[in-house]
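Here the structure is laid out as structure tokens; the discussion comes afterwards.
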2 protein chains.
Amino acid sequence: MIHNFGAGPCILPQEVFKQASQAVLEFNGTGLSILEISHRTPEFEAVVDETVRLIKELLNVPEGYSVVLLQGGASLQFSMVPMNLLGESQTAAYLDTGVWASKALKEAKIFGNVNVVASSKDQNYSYIPKDIEIPEDSAYFHFTSNNTIYGTELLEVPKTNVPVVCDMSSDILSRVINVSDFDLIYAGAQKNMGPAGVTVAIVKDSILGKVDRKIPSMLDYKVQIEGGSMYNTPPVFAIYVSMLNLRWLKSKGGVAEIEKENISKSVALYKEIDRNPLFKGTCRPEDRSRMNVCFVMENPELEKPFLKFAEDRDIIGIKGHRSVGGFRASMYNGLPITSVHVLIDAMQDFAEKHR
Amino acid sequence: MIHNFGAGPCILPQEVFKQASQAVLEFNGTGLSILEISHRTPEFEAVVDETVRLIKELLNVPEGYSVVLLQGGASLQFSMVPMNLLGESQTAAYLDTGVWASKALKEAKIFGNVNVVASSKDQNYSYIPKDIEIPEDSAYFHFTSNNTIYGTELLEVPKTNVPVVCDMSSDILSRVINVSDFDLIYAGAQKNMGPAGVTVAIVKDSILGKVDRKIPSMLDYKVQIEGGSMYNTPPVFAIYVSMLNLRWLKSKGGVAEIEKENISKSVALYKEIDRNPLFKGTCRPEDRSRMNVCFVMENPELEKPFLKFAEDRDIIGIKGHRSVGGFRASMYNGLPITSVHVLIDAMQDFAEKHR
């Protein structure tokens, strides 16, 4: 068994792979592959409906919000958000906690003014800025809840009266959230929701329709919501696999249960990082991510040997992003806790060897 | 065996389904599912490279053109094209041959002026307007080569000196084209290229960078080309299956060979429609599509019984689009000629029964 700590697209449960593989041969007793069915068949409409329903159920999405499935990943949302919410003469508040947050605010500048209310760039994004002030006249406040590259996570929504927009790509469905704290949540699927190729947006209906700009149909949340995630041909297979994965999450006990497991996984690994004299974490402890655990070695010369040592134990995907170095263990919902213990054992055995 | 005449997403070769199903379990000896590999692995970079290379090879794409894989389908291209090519005070020429052509021109109006040089709306898009005049000062000329809903196809590119943009979603890779007749070709994959969820654009590099507008990164052909189809996380599985399908097409002898087969398939079916007293075609014979064959019955009351009669022979997906009625048999590359003969036999047997 391979222990896949990749940052995304990432491991999903083995049973999801098995069901998905089967559906490529034959989908749901139709005699057809999931790849050749029309998206307008009742069978596939049921898939879209169940996917949306499971997201609403698992995240306890309240009335007044729409869940819509899109394409283009978070990167397209970086433009779609300001296109729909930021008037030309308005200002949006952005929190800069990493490369993705900073890409988001760069795109917003095409459509209006951007106020970077705080940034942790000064320390290579190794912490989350605190006590930020969000001007009351901001069109909205945008932040990235989990910073995949640096391994920081913002679990508490900053207090503000302006609409809150969150890129939740790498921690959606990993922990209980209060959707009503947000006005728009978006996420590429390829971490905790499903495979690459589909994007989810959870939109408070009342925030839409307030800018004057003419919005291209495909980039207009209203059009996409009215189209029931099928304004045009949707990414059929990516949605289907997401549905399978959401079913799996529900059968596990839902988000509250997986959050407990995610806490156990990250607590165990951080404990080893803090205990083991060979390793050290790269982020401020209070801002550490449960999803992406970043760490380096006290002696950088041991990093290559450790990578090799881990690979020999079928641990893959732990090489850190080039902008941080060292290691990054991504531990999304689909990664079993047994894999975390295999990594911890490797760290201990390696330390034993290099005492 | 089911004979899937669906209009798209549509049938692909059975061997492609088998290989795709296997890769969901294990991809290319990696021990990992294709759904959990990082798009930054050499293994997946090789998939993107091969996909792009096969498109170039199969369509004989000349120097000076880039092939790029995108998301959002043709519908997003409806906006991306004018965003990249139409200055605010410029005018683009559009040929209106159906609902999709008309959606494309509607989106273009957001970015500049649109001149509808001809339309066949007066006769429910049952023909292709001829002898159209394209003003020399048009920013570009846009047309839809195959009109899925109405069953018309434009095989010859209208003569013009302005850049030619073509939505080739439903006939790309079905026939030999001269790419140098075009400046930009785009297509959703879900007919002849692969499954839903990926879009291809073939762009003449020299037409880019000529408008003043600030273009969102994800919607900028230049950015996408420079990113090598991986500016952000690509739709991994949809690209992989497209590669498998392109490999199959190559092994069949390429586009020239499949075109012969597509001609045989459509000639056989149109011959039956013209011969059989119960049926009649809906389009002008000279504009008939090889991909989507639209026909009705002389006696509309027999349409429901024929649909049932066909379904009993495992013929599916032939119900016509609501705006045309009757039947539509879509016969993309993946549909075997044997399925066409099963349909023809059904038409003959039904006629025999209803003499």
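The chains in the structure tokens are called A, B, ... from first to last as shown; in each chain the residues are counted from 1, and the ligands are counted from 1 in the order shown.
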
Can you list every residue of chain A that has an atom at most 6 Å from chain B, with its nearest atom pair and the distance in Å to one decimal, using only C-alpha atoms, ordered by chain then number, as a Markdown table?
```
| residue | atom | partner | partner_atom | distance |
| --- | --- | --- | --- | --- |
| A:Gly8 | CA | B:Ser38 | CA | 5.9 |
| A:Pro9 | CA | B:Ser38 | CA | 5.3 |
| A:Cys10 | CA | B:Glu36 | CA | 4.4 |
| A:Ile11 | CA | B:Glu36 | CA | 4.8 |
| A:Ser21 | CA | B:Ser21 | CA | 4.5 |
| A:Val24 | CA | B:Ser21 | CA | 5.3 |
| A:Leu35 | CA | B:Pro195 | CA | 5.7 |
| A:Glu36 | CA | B:Cys10 | CA | 4.4 |
| A:Ser38 | CA | B:Pro9 | CA | 5.3 |
| A:Gln71 | CA | B:Gly72 | CA | 5.6 |
| A:Gly72 | CA | B:Gln71 | CA | 5.6 |
| A:Leu76 | CA | B:Met218 | CA | 5.9 |
| A:Pro195 | CA | B:Leu35 | CA | 5.8 |
| A:Ala196 | CA | B:Pro235 | CA | 5.2 |
| A:Gly197 | CA | B:Pro235 | CA | 4.2 |
| A:Met218 | CA | B:Leu76 | CA | 5.9 |
| A:Pro235 | CA | B:Gly197 | CA | 4.2 |
```

- Message: To test your reading of the structure, identify every residue in stretch 63-278 of chain A that backbone DSSP assigns to alpha helix (DSSP H), and report it as a PyMOL selection string.
- Response: chain A and resi 73-85+99-108+221-226+236-251+255-275

- Name the closest residue to A:Asn262 among the candidates A:Ile316, A:Met291, A:Leu105, A:Val117; distances are taken between atoms, counting only C-alpha atoms. A:Met291

- Task: Compile the contact shell of B:Asp137 as a PyMOL selection string: residues with an atom at most 9 Å away, counting only C-alpha atoms, same-chain residues fewer than 4 positions apart removed.
- Result: chain B and resi 90-92+162

- Task: For A:Met193, please output as JSON, numbers by chain all residues within 12 Å (counting only C-alpha atoms; exclusion window: fewer than 6 positions along the same chain).
- Result: {"A": [8, 9, 10, 11, 12, 13, 16, 51, 52, 54, 55, 58, 59, 69, 168, 169, 170, 171, 172, 173, 174, 186, 187, 199, 200, 238, 239, 240, 241, 242, 243, 244, 245, 246, 247, 248, 249, 250, 255, 332, 333, 334]}

- Quick one: everything within 12 Å of B:Ser289, counting only C-alpha atoms, minus sequence neighbours fewer than 4 positions away in the same chain. Send it as a PyMOL selection string. chain B and resi 126-128+145-155+170-171+174-175+262-263+265-267+269-270+281-285+293-295+328-332

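One distance worth recording is that between atom CA of B:Ile315 and atom CA of B:Leu302, which is 16.6 Å.
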
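If you look at atom CA of B:Pro158 and atom CA of B:Glu88, they are 25.1 Å away from each other.
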
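Residue nearest B:Glu63, chosen from B:Asn299, B:Thr160, B:Thr338, B:Ser206 and counting only C-alpha atoms: B:Ser206.
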
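The nearest approach to B:Asp220 among the residues B:Pro42, B:Pro82, B:Arg322, B:Arg53, with only C-alpha atoms taken into account, belongs to B:Pro82.
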
- Nearby residues (only C-alpha atoms) at most 6 Å from A:Ala201, same-chain spacing under 2 positions excluded, as a PyMOL selection string: chain A and resi 67-68+185-186

- Query: Would you give me, as JSON, numbers by chain, the residues in stretch 82-217 of chain B that DSSP reads as strand (DSSP E)?
  - Reply: {"B": [91, 92, 93, 94, 95, 96, 113, 114, 115, 116, 117, 118, 119, 141, 142, 143, 144, 146, 147, 152, 153, 164, 165, 166, 167, 184, 185, 186, 187, 188, 199, 200, 201, 202, 203, 204]}

Preceding selection exported with C-alpha atoms as an mmCIF file, in the first residue's frame:
```cif
data_model
loop_
_atom_site.group_PDB
_atom_site.id
_atom_site.type_symbol
_atom_site.label_atom_id
_atom_site.label_comp_id
_atom_site.auth_asym_id
_atom_site.auth_seq_id
_atom_site.Cartn_x
_atom_site.Cartn_y
_atom_site.Cartn_z
ATOM 1 C CA THR B 91 -16.805 44.825 -34.672
ATOM 2 C CA ALA B 92 -16.754 41.056 -35.033
ATOM 3 C CA ALA B 93 -18.652 39.237 -37.780
ATOM 4 C CA TYR B 94 -20.762 36.268 -36.663
ATOM 5 C CA LEU B 95 -22.626 33.713 -38.737
ATOM 6 C CA ASP B 96 -25.830 32.659 -36.996
ATOM 7 C CA ASN B 113 -19.826 45.258 -31.538
ATOM 8 C CA VAL B 114 -21.287 42.282 -33.309
ATOM 9 C CA ASN B 115 -22.308 42.150 -36.939
ATOM 10 C CA VAL B 116 -24.505 39.164 -37.745
ATOM 11 C CA VAL B 117 -23.464 38.683 -41.374
ATOM 12 C CA ALA B 118 -26.109 36.055 -42.067
ATOM 13 C CA SER B 119 -28.637 33.897 -40.254
ATOM 14 C CA PHE B 141 -15.253 36.164 -38.364
ATOM 15 C CA HIS B 142 -16.862 33.529 -36.135
ATOM 16 C CA PHE B 143 -18.819 30.475 -37.203
ATOM 17 C CA THR B 144 -19.957 27.112 -35.858
ATOM 18 C CA ASN B 146 -21.402 21.778 -37.091
ATOM 19 C CA ASN B 147 -24.801 22.538 -35.635
ATOM 20 C CA THR B 152 -26.203 21.089 -40.505
ATOM 21 C CA GLU B 153 -22.483 21.273 -41.171
ATOM 22 C CA VAL B 164 -11.369 33.124 -38.761
ATOM 23 C CA VAL B 165 -12.612 31.730 -35.440
ATOM 24 C CA CYS B 166 -14.496 28.456 -35.407
ATOM 25 C CA ASP B 167 -16.480 26.583 -32.772
ATOM 26 C CA LEU B 184 -8.620 30.050 -33.694
ATOM 27 C CA ILE B 185 -10.437 26.742 -33.369
ATOM 28 C CA TYR B 186 -12.066 25.688 -30.122
ATOM 29 C CA ALA B 187 -14.024 22.644 -29.081
ATOM 30 C CA GLY B 188 -15.503 21.049 -26.002
ATOM 31 C CA THR B 199 -11.812 21.963 -23.917
ATOM 32 C CA VAL B 200 -9.217 22.354 -26.644
ATOM 33 C CA ALA B 201 -8.178 25.574 -28.340
ATOM 34 C CA ILE B 202 -5.877 25.780 -31.360
ATOM 35 C CA VAL B 203 -4.648 29.337 -31.542
ATOM 36 C CA LYS B 204 -2.541 31.158 -34.113
#
```

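Closest approach to B:Asn28 among B:Ala104, B:Ala46, B:Val99, B:Leu86: B:Ala46, based on only C-alpha atoms.
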